[in-house]
Amino acid sequence: MTTGIRIKICCISSPREASLAVAYGASAIGLVGNMPSGPGIIADSQIRNIAQGVPPGVSTFLLTSETRPDAIVAHYQRTHTSAIQMVDRLEGNRFEAIRTTLPHVKLIQVIHVLDEHSIQEAWEAAQQVDALLLDSGNPKLAIKELGGTGRTHDWKLSRKIREMVSVPVFLAGGINKDNVRQAIEYVQPFGIDLCSSVRTQGQLDEQKLDEFFNAVR
């Protein structure tokens, strides 16, 4: 791609959707495990099956809502993706407990960008993970929102985070063909993550994929 930006298509639900996303230029796909809310949830057996069929060079992200290191490791061992995307805050920030057991797996921490406190949270996580993903959920709600909201957040905060951390940053939350260029130019992330904006009635839409990737280019 001319911009060099990485695109991650999330909420992949079948080998066909994975193949379609990769064919249009996705460098990563997201596979959603059990969540308290949100779209794209599939069984761990489906995640493993899809991940096994993805071509070399394309990353597979397991989205896990587990918060204990042992539970995250157990979730990974049922799926065998190339990366773990932790959509909630890890208990005690014990990333090393995961890395010791799974040294070959990339760790990505989601930061739900709510306010200035999110900047400090991102800084602390960035010292221990391989990448951050800045999203628009709200884990403080009674039923946690941990992604897939279709809402944008304050990109000024995301830009501050991107400028202060040394790890790659993915930007998520309400990004579509109409605002993706603005998002890339303003935040200058390593990658863009999206789900709902390339779907129709929950299914990956080839025309919307085409329009989105054309907008990125």
# chains A, B, ... in the order shown; residues from 1 in each chain; ligands from 1
$ select_by_dssp --residues "stretch 144-182 of chain A" --states "strand (DSSP E or B)" --output "ChimeraX atom specification"
/A:145,169-171
$ residues_around --residues "A:Trp155" --least-positions-apart "4" --cutoff "10 Å" --atoms "only C-alpha atoms" --output "compact mmCIF listing (two decimals) with N, CA and C atoms, in the first residue's frame"
# COMPACT_ATOMS: atom_id res chain seq x y z
N VAL A 113 -9.77 4.74 25.15
CA VAL A 113 -9.40 6.15 25.33
C VAL A 113 -10.62 6.93 25.81
N LEU A 134 -5.69 1.48 20.38
CA LEU A 134 -6.49 2.52 21.02
C LEU A 134 -7.92 2.44 20.50
N ARG A 159 -3.34 10.78 19.62
CA ARG A 159 -2.12 11.33 19.04
C ARG A 159 -1.06 11.53 20.12
N LYS A 160 -1.48 12.02 21.29
CA LYS A 160 -0.54 12.19 22.41
C LYS A 160 0.09 10.86 22.79
N ILE A 161 -0.76 9.83 22.85
CA ILE A 161 -0.25 8.51 23.20
C ILE A 161 0.75 8.03 22.15
N LEU A 171 -4.98 2.25 15.65
CA LEU A 171 -6.11 3.12 15.98
C LEU A 171 -7.40 2.43 15.58
N ALA A 183 -7.90 10.20 9.92
CA ALA A 183 -7.34 9.46 11.06
C ALA A 183 -5.85 9.19 10.87
N TYR A 186 -3.83 12.60 10.96
CA TYR A 186 -3.79 13.29 12.24
C TYR A 186 -3.07 12.49 13.32
N VAL A 187 -3.43 11.22 13.46
CA VAL A 187 -2.84 10.40 14.53
C VAL A 187 -1.52 9.78 14.10
$ select_by_dssp --residues "stretch 7-208 of chain A" --states "alpha helix (DSSP H)" --output "NGL selection string"
:A and (15-24 or 44-52 or 69-77 or 95-101 or 117-126 or 155-164 or 180-187 or 206-208)
$ residues_around --residues "stretch 89-94 of chain A" --least-positions-apart "2" --cutoff "9 Å" --atoms "only C-alpha atoms" --output "ChimeraX atom specification"
/A:65-69,86-87,96-98,109-111,124-125,128,139
$ write_last_selection --atoms "N, CA and C atoms" --output "PDB file, in the first residue's frame"
ATOM      1  N   SER A  65     -11.075 -11.379  26.602  1.00  0.00           N
ATOM      2  CA  SER A  65     -11.529 -10.505  27.690  1.00  0.00           C
ATOM      3  C   SER A  65     -11.060 -11.018  29.046  1.00  0.00           C
ATOM      4  N   GLU A  66     -10.283 -12.083  29.041  1.00  0.00           N
ATOM      5  CA  GLU A  66      -9.723 -12.587  30.297  1.00  0.00           C
ATOM      6  C   GLU A  66      -8.762 -11.539  30.884  1.00  0.00           C
ATOM      7  N   THR A  67      -8.685 -11.502  32.195  1.00  0.00           N
ATOM      8  CA  THR A  67      -7.838 -10.497  32.840  1.00  0.00           C
ATOM      9  C   THR A  67      -6.729 -11.117  33.692  1.00  0.00           C
ATOM     10  N   ARG A  68      -6.771 -12.419  33.938  1.00  0.00           N
ATOM     11  CA  ARG A  68      -5.712 -13.084  34.695  1.00  0.00           C
ATOM     12  C   ARG A  68      -4.722 -13.706  33.728  1.00  0.00           C
ATOM     13  N   PRO A  69      -3.426 -13.605  33.985  1.00  0.00           N
ATOM     14  CA  PRO A  69      -2.445 -14.194  33.074  1.00  0.00           C
ATOM     15  C   PRO A  69      -2.685 -15.660  32.773  1.00  0.00           C
ATOM     16  N   MET A  86      -5.444  -8.106  24.279  1.00  0.00           N
ATOM     17  CA  MET A  86      -6.116  -8.070  25.580  1.00  0.00           C
ATOM     18  C   MET A  86      -7.018  -6.841  25.622  1.00  0.00           C
ATOM     19  N   VAL A  87      -8.329  -7.070  25.623  1.00  0.00           N
ATOM     20  CA  VAL A  87      -9.270  -5.967  25.484  1.00  0.00           C
ATOM     21  C   VAL A  87      -9.662  -5.350  26.825  1.00  0.00           C
ATOM     22  N   GLU A  96       4.617 -10.116  32.217  1.00  0.00           N
ATOM     23  CA  GLU A  96       5.761 -11.025  32.187  1.00  0.00           C
ATOM     24  C   GLU A  96       5.325 -12.465  32.424  1.00  0.00           C
ATOM     25  N   ALA A  97       4.260 -12.638  33.197  1.00  0.00           N
ATOM     26  CA  ALA A  97       3.755 -13.990  33.448  1.00  0.00           C
ATOM     27  C   ALA A  97       3.254 -14.639  32.159  1.00  0.00           C
ATOM     28  N   ILE A  98       2.694 -13.827  31.255  1.00  0.00           N
ATOM     29  CA  ILE A  98       2.252 -14.346  29.955  1.00  0.00           C
ATOM     30  C   ILE A  98       3.450 -14.560  29.046  1.00  0.00           C
ATOM     31  N   GLN A 109      -1.996  -4.659  23.962  1.00  0.00           N
ATOM     32  CA  GLN A 109      -2.922  -4.190  24.993  1.00  0.00           C
ATOM     33  C   GLN A 109      -3.854  -3.136  24.407  1.00  0.00           C
ATOM     34  N   VAL A 110      -5.160  -3.335  24.603  1.00  0.00           N
ATOM     35  CA  VAL A 110      -6.138  -2.330  24.211  1.00  0.00           C
ATOM     36  C   VAL A 110      -6.231  -1.276  25.302  1.00  0.00           C
ATOM     37  N   ILE A 111      -6.202  -0.023  24.882  1.00  0.00           N
ATOM     38  CA  ILE A 111      -6.459   1.102  25.772  1.00  0.00           C
ATOM     39  C   ILE A 111      -7.751   1.754  25.303  1.00  0.00           C
ATOM     40  N   GLU A 124       2.171   3.116  30.724  1.00  0.00           N
ATOM     41  CA  GLU A 124       2.565   1.997  31.570  1.00  0.00           C
ATOM     42  C   GLU A 124       2.527   0.678  30.795  1.00  0.00           C
ATOM     43  N   ALA A 125       1.478   0.473  30.020  1.00  0.00           N
ATOM     44  CA  ALA A 125       1.358  -0.775  29.258  1.00  0.00           C
ATOM     45  C   ALA A 125       2.429  -0.868  28.181  1.00  0.00           C
ATOM     46  N   GLN A 128       5.680  -2.837  28.431  1.00  0.00           N
ATOM     47  CA  GLN A 128       5.683  -4.289  28.596  1.00  0.00           C
ATOM     48  C   GLN A 128       5.068  -5.081  27.449  1.00  0.00           C
ATOM     49  N   PRO A 139     -14.757   0.048  29.722  1.00  0.00           N
ATOM     50  CA  PRO A 139     -14.767  -1.085  30.661  1.00  0.00           C
ATOM     51  C   PRO A 139     -15.344  -0.739  32.030  1.00  0.00           C
TER      52      PRO A 139
END
$ atom_distance --atom1 "atom CA of A:Asn214" --atom2 "atom CA of A:Ala28"
17.6 Å
$ residues_around --residues "A:Ser13" --least-positions-apart "4" --cutoff "10 Å" --atoms "only C-alpha atoms" --output "VMD selection string"
chain A and resid 17 to 18 30 to 32 40 to 43 46 to 47 50 202 to 204
$ write_last_selection --atoms "N, CA and C atoms" --output "compact mmCIF listing (two decimals), in the first residue's frame"
# COMPACT_ATOMS: atom_id res chain seq x y z
N GLU A 17 -14.39 -15.17 5.22
CA GLU A 17 -14.17 -13.77 5.58
C GLU A 17 -12.68 -13.48 5.71
N ALA A 18 -11.93 -14.41 6.29
CA ALA A 18 -10.48 -14.22 6.43
C ALA A 18 -9.83 -14.09 5.06
N GLY A 30 -8.67 -10.00 13.17
CA GLY A 30 -9.04 -10.15 14.56
C GLY A 30 -10.10 -11.21 14.74
N LEU A 31 -9.90 -12.09 15.72
CA LEU A 31 -10.80 -13.21 15.99
C LEU A 31 -11.29 -13.07 17.43
N VAL A 32 -12.59 -12.86 17.59
CA VAL A 32 -13.15 -12.44 18.88
C VAL A 32 -13.59 -13.63 19.71
N GLY A 40 -19.16 -10.09 16.67
CA GLY A 40 -18.11 -10.96 16.13
C GLY A 40 -17.66 -12.12 16.99
N ILE A 41 -18.36 -12.41 18.08
CA ILE A 41 -17.92 -13.47 18.99
C ILE A 41 -18.10 -14.83 18.32
N ILE A 42 -17.02 -15.62 18.34
CA ILE A 42 -17.08 -16.98 17.80
C ILE A 42 -16.43 -17.94 18.79
N ALA A 43 -16.67 -19.23 18.59
CA ALA A 43 -16.12 -20.26 19.48
C ALA A 43 -14.60 -20.36 19.31
N GLN A 46 -13.52 -22.36 16.36
CA GLN A 46 -13.58 -21.63 15.09
C GLN A 46 -12.36 -20.72 14.94
N ILE A 47 -11.97 -20.07 16.03
CA ILE A 47 -10.79 -19.21 15.99
C ILE A 47 -9.58 -20.01 15.56
N ILE A 50 -9.79 -20.96 11.78
CA ILE A 50 -9.54 -19.83 10.89
C ILE A 50 -8.06 -19.46 10.91
N GLY A 202 -23.91 -7.58 9.63
CA GLY A 202 -22.96 -8.43 10.33
C GLY A 202 -21.99 -9.19 9.46
N GLN A 203 -22.20 -9.18 8.16
CA GLN A 203 -21.35 -9.95 7.25
C GLN A 203 -20.34 -9.04 6.54
N LEU A 204 -19.13 -9.52 6.38
CA LEU A 204 -18.11 -8.76 5.67
C LEU A 204 -18.60 -8.47 4.26
$ residues_around --residues "A:Glu206" --least-positions-apart "5" --cutoff "10 Å" --atoms "only C-alpha atoms" --output "PyMOL selection string"
chain A and resi 17+20-21+24+198-200+211-212
$ atom_distance --atom1 "atom CA of A:Arg151" --atom2 "atom CA of A:Ser136"
6.2 Å
$ closest_residue --among "A:Gln52, A:Thr60, A:Thr149, A:Ser166" --to "A:Ala126" --atoms "only C-alpha atoms"
A:Ser166
$ atom_distance --atom1 "atom CA of A:Ser82" --atom2 "atom CA of A:Pro56"
10.5 Å
$ closest_residue --among "A:Gln77, A:Thr101, A:Gln85, A:Ser19" --to "A:Val54" --atoms "only C-alpha atoms"
A:Ser19
$ closest_residue --among "A:His104, A:Ile12, A:Ile7, A:His80" --to "A:Pro39" --atoms "only C-alpha atoms"
A:Ile12
$ closest_residue --among "A:Gln201, A:Ser196, A:Asn176, A:Ser27" --to "A:Ala215" --atoms "only C-alpha atoms"
A:Asn176
$ residues_around --residues "A:Ile5" --least-positions-apart "2" --cutoff "12 Å" --atoms "only C-alpha atoms" --output "list in words"
Met1, Thr2, Thr3, Ile7, Lys8, Gly25, Ala26, Ser27, Ala28, Pro168, Val169, Phe170, Leu171, Val180, Arg181, Ala183, Ile184, Glu185, Val187, Gln188, Pro189, Phe190, Gly191, Ile192, Asp193, Phe213, Val216 and Arg217 of chain A
